[in-house]
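Q: This one is entry.cif, mmCIF, C-alpha atoms.
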data_work
#
loop_
_atom_site.label_atom_id
_atom_site.label_comp_id
_atom_site.auth_asym_id
_atom_site.auth_seq_id
_atom_site.Cartn_x
_atom_site.Cartn_y
_atom_site.Cartn_z
CA MET A 17 69.13 129.94 106.86
CA THR A 18 72.11 130.42 104.53
CA ARG A 19 75.24 128.52 105.58
CA ILE A 20 78.39 130.57 105.51
CA ASP A 21 81.33 128.85 103.81
CA LEU A 22 84.14 129.59 106.24
CA SER A 23 86.72 128.14 103.86
CA ARG A 24 86.40 131.33 101.81
CA TYR A 25 87.78 133.26 104.77
CA ALA A 26 90.80 131.08 105.43
CA PRO A 27 93.93 130.18 103.42
CA PRO A 28 92.84 127.56 100.86
CA GLY A 29 93.27 124.07 102.23
CA THR A 30 93.67 124.95 105.91
CA ASN A 31 91.88 122.76 108.44
CA ILE A 32 89.19 125.10 109.74
CA ARG A 33 87.52 122.43 111.88
CA GLN A 34 90.79 121.99 113.78
CA GLU A 35 91.07 125.75 114.35
CA ILE A 36 87.48 125.88 115.64
CA LYS A 37 88.18 122.96 117.98
CA VAL A 38 91.26 124.71 119.34
CA LEU A 39 89.27 127.91 119.89
CA CYS A 40 86.44 126.04 121.65
CA ALA A 41 88.94 124.23 123.86
CA GLY A 42 90.57 127.55 124.69
CA LEU A 43 87.23 129.16 125.50
CA PHE A 44 86.26 126.24 127.74
CA CYS A 45 89.54 126.41 129.65
CA ALA A 46 89.31 130.19 130.00
CA ALA A 47 85.71 129.93 131.25
CA CYS A 48 86.64 127.26 133.79
CA CYS A 49 89.52 129.40 135.05
CA ALA A 50 87.30 132.47 135.32
CA VAL A 51 84.60 130.58 137.22
CA LEU A 52 87.22 129.12 139.54
CA VAL A 53 88.98 132.42 140.26
CA TYR A 54 85.78 134.41 140.71
CA GLY A 55 83.98 131.62 142.54
CA ILE A 56 86.70 131.27 145.14
CA ALA A 57 86.96 135.06 145.62
CA LEU A 58 83.19 135.50 145.87
CA ARG A 59 82.78 132.62 148.31
CA GLN A 60 85.50 133.99 150.57
CA ALA A 61 84.12 137.53 150.42
CA TYR A 62 80.61 136.29 151.18
CA ALA A 63 81.85 134.25 154.14
CA ASP A 64 83.65 137.33 155.48
CA LEU A 65 80.30 139.16 155.74
CA PHE A 66 79.25 136.88 158.56
CA GLU A 67 80.46 136.11 162.07
CA LEU A 68 79.47 133.61 164.68
CA SER A 69 76.69 134.74 167.04
CA TYR A 70 77.21 135.39 170.81
CA LEU A 71 76.30 131.83 171.52
CA GLY A 72 78.63 130.60 168.77
CA VAL A 73 75.85 128.60 167.19
CA GLU A 74 74.86 130.37 164.06
CA ARG A 75 76.43 132.81 161.65
CA VAL A 76 75.04 136.33 161.64
CA LEU A 77 75.72 139.29 159.40
CA ARG A 78 78.35 141.58 160.81
CA PRO A 79 77.09 145.09 161.53
CA ASP A 80 79.88 146.67 159.44
CA ALA A 81 79.81 144.07 156.71
CA VAL A 82 80.52 145.45 153.23
CA MET A 83 81.04 143.32 150.19
CA PRO A 84 84.19 144.15 148.21
CA PRO A 85 83.50 145.85 144.86
CA PHE A 86 82.72 143.50 141.98
CA ASP A 87 85.85 144.43 140.03
CA VAL A 88 88.04 143.64 143.02
CA LEU A 89 86.52 140.19 143.29
CA LEU A 90 86.75 139.57 139.55
CA HIS A 91 90.37 140.83 139.54
CA ARG A 92 92.25 138.80 136.92
CA GLY A 93 89.51 136.25 136.35
CA LEU A 94 88.98 137.17 132.71
CA TRP A 95 92.62 137.64 131.76
CA LEU A 96 92.75 134.26 130.06
CA PHE A 97 90.03 135.42 127.67
CA TYR A 98 92.06 138.48 126.77
CA LEU A 99 95.15 136.34 126.24
CA LEU A 100 93.10 134.02 124.05
CA ALA A 101 91.95 136.98 121.96
CA LEU A 102 95.55 138.11 121.56
CA GLY A 103 96.57 134.60 120.64
CA ALA A 104 93.93 134.46 117.92
CA LEU A 105 95.31 137.62 116.36
CA ALA A 106 98.88 136.38 116.62
CA ASN A 107 97.69 133.25 114.84
CA ALA A 108 97.00 135.39 111.77
CA VAL A 109 100.64 136.30 111.45
CA LEU A 110 102.24 133.10 112.65
CA PHE A 111 100.09 130.53 110.89
CA HIS A 112 97.81 131.91 108.20
CA LEU A 113 100.45 134.11 106.51
CA SER A 114 103.27 131.56 106.94
CA TYR A 115 100.95 129.01 105.33
CA TYR A 116 101.59 130.74 102.01
CA THR A 117 105.38 130.61 102.28
CA GLY A 118 106.09 127.25 103.89
CA GLY A 119 106.92 124.54 101.37
CA SER A 120 104.99 125.59 98.28
CA LYS A 121 105.09 129.34 97.68
CA SER A 122 101.40 129.98 97.15
CA ILE A 123 102.14 133.59 98.17
CA TYR A 124 103.18 134.10 94.52
CA LEU A 125 99.64 133.19 93.47
CA MET A 126 97.89 135.15 96.21
CA ARG A 127 99.86 138.31 95.35
CA ARG A 128 98.87 137.98 91.70
CA LEU A 129 95.15 137.86 92.34
CA PRO A 130 93.10 140.67 90.81
CA GLN A 131 91.12 140.80 94.07
CA ARG A 132 93.34 143.16 96.04
CA TRP A 133 92.27 142.18 99.57
CA GLU A 134 91.93 138.42 99.10
CA LEU A 135 95.27 137.62 100.77
CA ILE A 136 94.63 139.75 103.84
CA ARG A 137 90.98 138.72 104.02
CA ARG A 138 91.86 135.03 104.16
CA ALA A 139 94.68 135.62 106.63
CA ILE A 140 92.92 137.69 109.28
CA THR A 141 89.14 137.14 109.06
CA LEU A 142 88.89 133.97 111.12
CA PRO A 143 91.45 135.05 113.73
CA LEU A 144 89.60 138.38 114.11
CA LEU A 145 86.35 136.46 114.45
CA GLY A 146 87.96 134.23 117.06
CA ALA A 147 89.23 137.25 118.97
CA ALA A 148 85.76 138.83 118.84
CA ILE A 149 84.15 135.62 120.14
CA CYS A 150 86.67 135.56 123.00
CA LEU A 151 85.88 139.16 123.94
CA LEU A 152 82.12 138.64 123.66
CA SER A 153 82.41 135.52 125.80
CA ALA A 154 84.35 137.49 128.36
CA LEU A 155 81.63 140.16 128.35
CA ALA A 156 78.87 137.56 128.72
CA LEU A 157 80.70 135.91 131.60
CA ARG A 158 81.30 139.28 133.25
CA LEU A 159 77.56 140.04 133.08
CA LEU A 160 76.78 136.61 134.49
CA PHE A 161 79.23 137.10 137.36
CA LEU A 162 77.77 140.56 138.01
CA GLY A 163 74.30 139.06 138.20
CA VAL A 164 75.47 136.44 140.66
CA TYR A 165 77.20 139.18 142.70
CA TYR A 166 74.00 141.19 143.07
CA LEU A 167 71.91 138.09 143.64
CA ILE A 168 73.81 136.77 146.62
CA THR A 169 75.00 140.00 148.22
CA PRO A 170 72.64 141.32 150.92
CA PRO A 171 71.46 144.76 149.79
CA GLN A 172 72.78 146.44 152.92
CA CYS A 173 76.26 145.06 152.21
CA LEU A 174 76.63 146.44 148.73
CA PRO A 175 79.57 148.90 148.45
CA MET B 6 103.58 145.10 75.01
CA LEU B 7 105.59 144.59 78.18
CA GLU B 8 108.07 147.40 78.64
CA ILE B 9 110.86 147.37 81.19
CA ASN B 10 112.56 150.77 81.41
CA ASN B 11 115.74 151.46 83.33
CA VAL B 12 114.94 148.90 86.01
CA SER B 13 117.45 148.44 88.81
CA LYS B 14 117.21 146.34 91.91
CA HIS B 15 119.45 145.94 94.91
CA TYR B 16 118.78 143.62 97.82
CA THR B 17 121.26 145.11 100.28
CA LEU B 18 122.79 148.50 100.98
CA LYS B 19 126.19 146.99 100.35
CA GLN B 20 125.09 146.00 96.87
CA LYS B 21 123.96 149.55 96.23
CA ILE B 22 127.14 151.11 97.56
CA TYR B 23 129.50 148.85 95.65
CA GLY B 24 127.41 148.82 92.49
CA ASN B 25 126.69 145.09 92.63
CA ASP B 26 122.98 145.51 92.02
CA ALA B 27 120.96 142.39 91.30
CA LEU B 28 119.58 144.25 88.27
CA LYS B 29 121.34 147.20 86.65
CA GLN B 30 119.38 149.56 84.42
CA ILE B 31 117.55 146.87 82.50
CA ASP B 32 115.82 147.99 79.33
CA LEU B 33 113.71 145.37 77.61
CA THR B 34 110.58 145.35 75.49
CA ILE B 35 108.63 142.15 74.88
CA GLY B 36 105.99 142.25 72.21
CA SER B 37 102.80 140.27 72.00
CA GLY B 38 103.17 136.73 70.68
CA GLU B 39 106.90 136.38 71.29
CA ILE B 40 108.46 133.29 72.83
CA VAL B 41 111.46 134.69 74.66
CA GLY B 42 114.14 132.56 76.23
CA LEU B 43 115.84 134.27 79.16
CA PHE B 44 119.27 132.79 79.75
CA GLY B 45 121.97 133.44 82.28
CA GLU B 46 124.17 131.80 84.86
CA ASN B 47 122.92 131.18 88.42
CA GLY B 48 122.53 134.49 90.18
CA ALA B 49 122.46 136.48 86.95
CA GLY B 50 119.15 138.12 87.81
CA LYS B 51 116.60 136.10 85.80
CA THR B 52 114.31 135.32 88.73
CA THR B 53 114.75 138.80 90.17
CA LEU B 54 113.68 140.31 86.86
CA MET B 55 110.56 138.15 86.70
CA LYS B 56 109.63 138.95 90.29
CA CYS B 57 110.05 142.68 89.61
CA ILE B 58 107.76 142.38 86.57
CA LEU B 59 105.13 140.68 88.72
CA GLY B 60 105.45 143.25 91.47
CA PHE B 61 106.78 140.84 94.08
CA LEU B 62 109.88 142.96 94.65
CA PRO B 63 110.35 146.73 94.87
CA TYR B 64 112.62 148.19 92.20
CA GLN B 65 113.73 151.45 90.66
CA GLY B 66 112.56 152.22 87.15
CA GLN B 67 109.36 151.54 85.30
CA ILE B 68 107.57 148.41 84.13
CA THR B 69 104.40 148.82 82.10
CA LEU B 70 101.94 146.63 80.28
CA ASP B 71 100.57 148.31 77.15
CA GLY B 72 101.60 151.63 78.66
CA ALA B 73 99.94 151.10 82.04
CA PRO B 74 101.67 150.23 85.32
CA ILE B 75 101.06 146.67 86.48
CA THR B 76 98.45 146.81 89.25
CA HIS B 77 95.57 144.72 90.50
CA SER B 78 93.49 145.96 87.59
CA ASN B 79 95.68 144.30 84.95
CA ILE B 80 97.76 141.73 86.87
CA GLU B 81 95.54 138.91 85.54
CA ARG B 82 97.17 139.48 82.15
CA LEU B 83 100.35 138.00 83.64
CA SER B 84 100.73 134.43 84.86
CA PHE B 85 103.67 132.80 86.57
CA ALA B 86 105.06 129.29 86.79
CA THR B 87 107.94 128.89 89.18
CA SER B 88 110.16 125.97 90.15
CA GLU B 89 109.34 126.90 93.77
CA HIS B 90 105.66 126.06 92.98
CA SER B 91 102.81 128.40 93.83
CA LEU B 92 100.34 125.71 94.80
CA PHE B 93 98.14 124.90 97.81
CA PRO B 94 99.42 121.55 99.11
CA ASN B 95 96.14 120.46 100.69
CA LEU B 96 93.98 121.22 97.66
CA THR B 97 93.35 118.85 94.77
CA ALA B 98 93.85 119.76 91.13
CA GLU B 99 90.08 120.12 90.83
CA ALA B 100 90.02 122.54 93.78
CA HIS B 101 92.82 124.55 92.17
CA ARG B 102 90.77 124.73 88.98
CA GLN B 103 87.79 126.09 90.93
CA PHE B 104 90.02 128.63 92.66
CA TYR B 105 91.43 129.83 89.36
CA GLN B 106 87.97 129.94 87.74
CA GLU B 107 86.74 132.07 90.61
CA HIS B 108 89.61 134.54 90.55
CA PHE B 109 90.62 134.62 86.88
CA PRO B 110 87.53 135.08 84.69
CA ARG B 111 89.52 134.27 81.53
CA PHE B 112 90.56 130.83 82.81
CA ILE B 113 90.65 128.36 79.87
CA ASP B 114 88.86 125.28 81.17
CA LYS B 115 89.10 123.28 77.96
CA ARG B 116 92.86 123.73 77.83
CA PHE B 117 93.12 122.74 81.51
CA THR B 118 91.21 119.49 80.99
CA GLY B 119 93.20 118.67 77.88
CA LEU B 120 96.59 119.24 79.52
CA MET B 121 95.60 117.32 82.65
CA ASP B 122 94.64 114.38 80.44
CA PHE B 123 97.80 114.70 78.36
CA PHE B 124 100.09 114.63 81.41
CA GLU B 125 97.87 112.05 83.12
CA LEU B 126 97.72 114.01 86.35
CA PRO B 127 95.15 112.99 88.98
CA MET B 128 92.32 115.46 89.44
CA HIS B 129 91.23 114.47 92.94
CA LYS B 130 94.50 113.91 94.78
CA PRO B 131 95.91 116.61 97.09
CA LEU B 132 98.92 118.33 95.59
CA ARG B 133 101.10 117.33 98.55
CA GLY B 134 100.93 113.78 97.18
CA PHE B 135 102.28 114.79 93.75
CA SER B 136 105.88 114.10 92.79
CA THR B 137 108.16 117.08 92.03
CA GLY B 138 107.81 116.45 88.32
CA GLN B 139 104.03 116.32 88.57
CA LYS B 140 104.00 119.55 90.55
CA ASN B 141 106.12 121.17 87.83
CA GLN B 142 103.67 120.02 85.20
CA PHE B 143 100.67 121.21 87.17
CA GLU B 144 102.32 124.56 87.87
CA VAL B 145 102.85 125.09 84.15
CA ILE B 146 99.33 123.93 83.31
CA LEU B 147 97.83 126.53 85.64
CA ALA B 148 100.05 129.26 84.18
CA LEU B 149 99.00 128.33 80.65
CA CYS B 150 95.30 128.08 81.48
CA GLN B 151 94.92 131.27 83.51
CA GLY B 152 94.00 133.21 80.39
CA ALA B 153 97.00 135.51 80.66
CA ASP B 154 98.57 137.35 77.75
CA TYR B 155 102.08 137.12 79.21
CA ILE B 156 103.16 133.81 80.71
CA LEU B 157 106.32 133.98 82.80
CA MET B 158 108.00 130.66 83.51
CA ASP B 159 111.01 130.50 85.83
CA GLU B 160 112.90 127.25 85.27
CA PRO B 161 109.67 125.28 85.14
CA PHE B 162 111.23 121.99 84.09
CA ALA B 163 113.64 121.39 86.95
CA GLY B 164 113.12 117.77 87.92
CA ASN B 165 111.28 116.63 84.81
CA ASP B 166 112.64 113.88 82.59
CA ILE B 167 113.58 114.62 79.00
CA PHE B 168 110.63 112.77 77.49
CA ASN B 169 108.28 114.83 79.59
CA ARG B 170 110.03 118.03 78.58
CA GLU B 171 110.04 117.25 74.87
CA ASP B 172 106.36 116.34 74.93
CA PHE B 173 105.65 119.56 76.70
CA TYR B 174 107.51 121.73 74.18
CA LYS B 175 105.47 120.21 71.36
CA VAL B 176 102.20 120.71 73.20
CA LEU B 177 103.16 124.25 74.14
CA LEU B 178 103.73 125.27 70.53
CA GLY B 179 100.48 123.64 69.51
CA ILE B 180 98.21 125.32 72.05
CA LEU B 181 99.57 128.86 72.18
CA GLU B 182 97.38 131.56 70.71
CA PRO B 183 99.03 134.25 68.54
CA ASN B 184 98.54 136.87 71.27
CA GLU B 185 100.07 134.76 74.04
CA THR B 186 103.61 135.66 74.99
CA ILE B 187 106.06 133.43 76.82
CA LEU B 188 109.05 134.58 78.87
CA LEU B 189 110.92 131.41 79.74
CA SER B 190 113.92 131.24 82.02
CA THR B 191 115.82 127.98 81.70
CA HIS B 192 119.27 126.43 81.61
CA LEU B 193 118.17 123.90 78.99
CA ILE B 194 119.42 126.05 76.13
CA GLU B 195 119.72 123.45 73.42
CA GLU B 196 116.28 122.01 74.14
CA VAL B 197 114.43 125.29 73.84
CA SER B 198 116.51 126.80 71.03
CA ASN B 199 114.28 125.14 68.45
CA PHE B 200 111.08 126.86 69.47
CA ILE B 201 111.96 130.24 70.99
CA SER B 202 111.68 133.27 68.77
CA ARG B 203 114.12 135.41 70.72
CA ALA B 204 116.97 134.92 73.17
CA VAL B 205 117.82 137.42 75.88
CA LEU B 206 121.05 136.93 77.82
CA ILE B 207 121.47 138.36 81.26
CA ARG B 208 124.72 138.46 83.20
CA GLN B 209 125.42 140.00 86.61
CA GLY B 210 122.19 141.96 86.44
CA GLN B 211 122.69 143.35 82.96
CA ILE B 212 121.39 142.37 79.56
CA VAL B 213 124.43 141.36 77.53
CA GLY B 214 122.68 139.86 74.54
CA ASP B 215 119.36 140.13 72.73
CA VAL B 216 118.90 138.34 69.44
CA MET B 217 116.07 137.03 67.33
CA ALA B 218 116.14 133.32 66.50
CA ALA B 219 115.65 134.16 62.86
CA GLU B 220 118.85 136.26 62.83
CA LEU B 221 120.84 133.40 64.33
CA GLU B 222 119.43 131.00 61.78
CA GLU B 223 120.29 133.36 58.98
CA SER B 224 123.86 133.71 60.15
CA GLY B 225 124.16 129.97 60.75
CA THR B 226 125.12 130.51 64.40
CA PRO B 227 123.66 128.02 66.87
CA LEU B 228 122.21 129.59 70.02
CA MET B 229 124.76 127.86 72.23
CA ALA B 230 127.61 129.27 70.17
CA TYR B 231 126.10 132.75 70.37
CA ILE B 232 125.81 132.46 74.13
CA LYS B 233 129.38 131.24 74.52
CA GLN B 234 130.58 134.05 72.30
CA THR B 235 128.61 136.67 74.22
CA TYR B 236 129.81 135.34 77.57
CA HIS B 237 133.39 135.23 76.25
CA TYR B 238 133.43 131.62 77.29
CA SER B 239 136.97 130.30 77.32
CA ALA B 240 137.07 126.76 75.94
CA ASP B 241 140.35 125.95 77.69
CA ARG B 242 139.20 126.98 81.18
CA VAL B 243 138.60 123.35 82.15
CA SER B 244 142.06 122.21 81.17
CA ARG B 245 143.61 125.24 82.86
CA ALA B 246 141.68 124.53 86.04
CA LEU B 247 142.72 120.88 86.01
CA ASP B 248 146.34 121.91 85.52
CA ASP B 249 146.10 124.23 88.51
CA ILE B 250 144.47 121.59 90.68
CA THR B 251 146.60 118.61 89.74
CA GLY B 252 149.82 120.47 89.04
CA GLY B 253 149.82 119.24 85.47
CA GLU B 254 150.05 115.59 86.52
CA VAL B 255 146.99 114.47 84.49
#
Could you spell out this file's structure in structure tokens?
A:
Amino acid sequence: MTRIDLSRYAPPGTNIRQEIKVLCAGLFCAACCAVLVYGIALRQAYADLFELSYLGVERVLRPDAVMPPFDVLLHRGLWLFYLLALGALANAVLFHLSYYTGGSKSIYLMRRLPQRWELIRRAITLPLLGAAICLLSALALRLLFLGVYYLITPPQCLP
Amino acid sequence: MLEINNVSKHYTLKQKIYGNDALKQIDLTIGSGEIVGLFGENGAGKTTLMKCILGFLPYQGQITLDGAPITHSNIERLSFATSEHSLFPNLTAEAHRQFYQEHFPRFIDKRFTGLMDFFELPMHKPLRGFSTGQKNQFEVILALCQGADYILMDEPFAGNDIFNREDFYKVLLGILEPNETILLSTHLIEEVSNFISRAVLIRQGQIVGDVMAAELEESGTPLMAYIKQTYHYSADRVSRALDDITGGEV
């Protein structure tokens, strides 16, 4: 399998490993938050489907029990992923482009290159990739949460 | 041939309104193989002119290279060495060489190795660890080795000692090919007067003088004298200023 040299898609000399670490840390935090938010909401909603029996001994399904819609339970659970994606794009402007003008003015070299798109390519490729990974992660987590929703919800309680 | 036709540049609307353009209707033609010294006081427009040639700044007028506008298709025929440095701080000299080899097919590797050895610059040390003088040297080396036909240098020797500079002038004359053209902006008039073929004077955005070195030599006029004459430099301005400041007490 051919290894892709990521350094060709970043400003020359930038610390790509550090950027990947930051992205992974961000994804981990966003995933934890999403699991927490959705987990708490789902647990509460599931508990609300039941009531204590006449004898007060066991919990039984309420006759009118309906699980809230999935999107209501998910609510803002994935917002951190969307913010992370936005942050990755903002990184292109704030860091990758400013890299060429802070201290040494390598922008003068980049703007002289015969390869027209080299400057833009190195500035935005990795942030766009990071944003795409964030959105794909959000989608994967959404599908996982949806699966859990249908798994634990009694069929008669589905909205 | 590099042709600059009726080029004007203003940075602010106020400049445009009051006619204080950074460049005012510049007309200049630089032929192949010339070594042109571009002289002028601070703020005269030397750097602005070079940046317009390279396409870094928008301007009015026309700049062409052998009749064609300067675009990505022919920009590699121009190289640039600036006192601001256009280097990647975290890359080594070797990594810069690889970058240039990848992007400029006409990169002259033999010249690069020779100049690196001559200036005794480290090949495997990140540029952020270089001194200012070393960065100046490396900046010029890259500009000379890119394989460009027109090499623009904007005060490349700021911060270098005189021995360094003199060595460099000698090496520069020795390595240049007949088709390589230099446009050199510097304040070190007397140092470069011995090897430039032409002097262009710029003042307040306008070209006020343009003379071949051979003409000056023929007339017996040193370059510095020509510049003072063109600038209408008043020799007694220092004594007049001192009189004003001290009230004639000195």
Q: Running the PyMOL selection byres ((chain A) within 12 of (chain B)) on this model by hand, what would come out? Give it as a short mmCIF file (atom, residue, chain, number, x, y, z; two decimals) with C-alpha atoms, in the coordinates of the input.
A:
data_model
loop_
_atom_site.label_atom_id
_atom_site.label_comp_id
_atom_site.auth_asym_id
_atom_site.auth_seq_id
_atom_site.Cartn_x
_atom_site.Cartn_y
_atom_site.Cartn_z
CA SER A 23 86.72 128.14 103.86
CA ARG A 24 86.40 131.33 101.81
CA PRO A 27 93.93 130.18 103.42
CA PRO A 28 92.84 127.56 100.86
CA GLY A 29 93.27 124.07 102.23
CA THR A 30 93.67 124.95 105.91
CA ASN A 31 91.88 122.76 108.44
CA TYR A 115 100.95 129.01 105.33
CA TYR A 116 101.59 130.74 102.01
CA THR A 117 105.38 130.61 102.28
CA GLY A 118 106.09 127.25 103.89
CA GLY A 119 106.92 124.54 101.37
CA SER A 120 104.99 125.59 98.28
CA LYS A 121 105.09 129.34 97.68
CA SER A 122 101.40 129.98 97.15
CA ILE A 123 102.14 133.59 98.17
CA TYR A 124 103.18 134.10 94.52
CA LEU A 125 99.64 133.19 93.47
CA MET A 126 97.89 135.15 96.21
CA ARG A 127 99.86 138.31 95.35
CA ARG A 128 98.87 137.98 91.70
CA LEU A 129 95.15 137.86 92.34
CA PRO A 130 93.10 140.67 90.81
CA GLN A 131 91.12 140.80 94.07
CA ARG A 132 93.34 143.16 96.04
CA TRP A 133 92.27 142.18 99.57
CA GLU A 134 91.93 138.42 99.10
#
Q: I'd like the contact shell of range 97-110 of chain A - 6 Å cut-off, all atoms listed in the file, skipping same-chain residues fewer than 5 positions apart - returned as a VMD selection string.
A: chain A and resid 46 139 to 140 143 147 150
Q: For the residues in that selection, give me C-alpha atoms as a PDB file, keeping the file's coordinate frame.
A:
ATOM      1  CA  ALA A  46      89.310 130.190 130.000  1.00  0.00           C
ATOM      2  CA  ALA A 139      94.680 135.620 106.630  1.00  0.00           C
ATOM      3  CA  ILE A 140      92.920 137.690 109.280  1.00  0.00           C
ATOM      4  CA  PRO A 143      91.450 135.050 113.730  1.00  0.00           C
ATOM      5  CA  ALA A 147      89.230 137.250 118.970  1.00  0.00           C
ATOM      6  CA  CYS A 150      86.670 135.560 123.000  1.00  0.00           C
TER       7      CYS A 150
END
Q: Calculated over only C-alpha atoms, which of the candidates A:Ala41, A:Leu160, A:Ile20, A:Tyr54 has the smallest distance to Val88 in chain A?
A: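 Smallest distance to Val88 in chain A is found for A:Tyr54.
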Q: Applying 6 Å and only C-alpha atoms, which residues near range 38-48 of chain B remain after dropping the ones on its own chain fewer than 3 positions away? List them as a list in words.
A: Pro183, Asn184, Glu185, Thr186, Ile187, Leu188, Leu189, Ser190, Ile201, Ser202, Arg203, Ala204, Val205, Leu206, Ile207 and Arg208 of chain B
Q: State, in Å with one decimal place, the distance from CA of Gly138 in chain B to CA of Glu182 in chain B.
A: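 Between CA of Gly138 in chain B and CA of Glu182 in chain B the gap works out to 25.4 Å.
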Q: Quick one: apply the PyMOL selection byres ((chain A and resi 89) around 9) to the file and drop the selected residues here as a list in words.
A: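 Matching residues under the PyMOL selection byres ((chain A and resi 89) around 9) are Val53, Tyr54, Gly55, Ala57, Leu58, Ala61, Pro84, Pro85, Phe86, Asp87, Val88, Leu90, His91, Arg92 and Gly93 of chain A.
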Q: Around the point (74.8, 144.5, 160.1) (coordinates from the file), which residues reach within 12 Å if we count only C-alpha atoms? Answer as a JSON list (two decimals) with C-alpha atoms, keeping the file's coordinate frame.
A:
[["chain", "number", "residue", "atom", "x", "y", "z"],
["A", 65, "LEU", "CA", 80.30, 139.16, 155.74],
["A", 66, "PHE", "CA", 79.25, 136.88, 158.56],
["A", 67, "GLU", "CA", 80.46, 136.11, 162.07],
["A", 75, "ARG", "CA", 76.43, 132.81, 161.65],
["A", 76, "VAL", "CA", 75.04, 136.33, 161.64],
["A", 77, "LEU", "CA", 75.72, 139.29, 159.40],
["A", 78, "ARG", "CA", 78.35, 141.58, 160.81],
["A", 79, "PRO", "CA", 77.09, 145.09, 161.53],
["A", 80, "ASP", "CA", 79.88, 146.67, 159.44],
["A", 81, "ALA", "CA", 79.81, 144.07, 156.71],
["A", 82, "VAL", "CA", 80.52, 145.45, 153.23],
["A", 83, "MET", "CA", 81.04, 143.32, 150.19],
["A", 170, "PRO", "CA", 72.64, 141.32, 150.92],
["A", 171, "PRO", "CA", 71.46, 144.76, 149.79],
["A", 172, "GLN", "CA", 72.78, 146.44, 152.92],
["A", 173, "CYS", "CA", 76.26, 145.06, 152.21],
["A", 174, "LEU", "CA", 76.63, 146.44, 148.73]]
Q: With all atoms listed in the file as the counted atoms, please give the residues lying no more than 12 Å from Phe44 in chain A, apart from itself and same-chain residues fewer than 3 positions off, as a VMD selection string.
A: chain A and resid 37 to 41 47 to 51 96 to 97 100 150 153 to 154 157
Q: So how many Å separate CA of Gly210 in chain B and CA of Met55 in chain B, to one decimal?
A: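 Between CA of Gly210 in chain B and CA of Met55 in chain B the gap works out to 12.2 Å.
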Q: In Å, how far is it from CA of Gln211 in chain B to CA of Ile31 in chain B?
A: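 Computed distance, CA of Gln211 in chain B to CA of Ile31 in chain B, equals 6.2 Å.
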Q: Which neighbours of range 230-233 of chain B fall inside 10 Å, counting all atoms listed in the file, when residues of the same chain fewer than 2 positions from it are skipped, and could you give them as a compact mmCIF listing (two decimals) with C-alpha atoms, in the frame of the given file?
A:
# COMPACT_ATOMS: atom_id res chain seq x y z
CA PHE B 44 119.27 132.79 79.75
CA GLY B 45 121.97 133.44 82.28
CA ILE B 194 119.42 126.05 76.13
CA ALA B 204 116.97 134.92 73.17
CA VAL B 205 117.82 137.42 75.88
CA LEU B 206 121.05 136.93 77.82
CA VAL B 213 124.43 141.36 77.53
CA GLY B 214 122.68 139.86 74.54
CA VAL B 216 118.90 138.34 69.44
CA LEU B 221 120.84 133.40 64.33
CA THR B 226 125.12 130.51 64.40
CA PRO B 227 123.66 128.02 66.87
CA LEU B 228 122.21 129.59 70.02
CA THR B 235 128.61 136.67 74.22
CA TYR B 236 129.81 135.34 77.57
CA HIS B 237 133.39 135.23 76.25
CA TYR B 238 133.43 131.62 77.29
CA SER B 239 136.97 130.30 77.32
CA ALA B 240 137.07 126.76 75.94
Q: As a check of understanding, name the residues that the PyMOL selection byres ((chain B and resi 14) around 10) selects in the supplied structure, as a PyMOL selection string.
A: chain B and resi 12-13+15-17+20-21+25-31+50+53-54+57+62-66+210
Q: For Asn11 in chain B, which residue out of B:Leu120, B:Met217, B:Leu177, B:Leu33 is the nearest one, using only C-alpha atoms?
A: B:Leu33
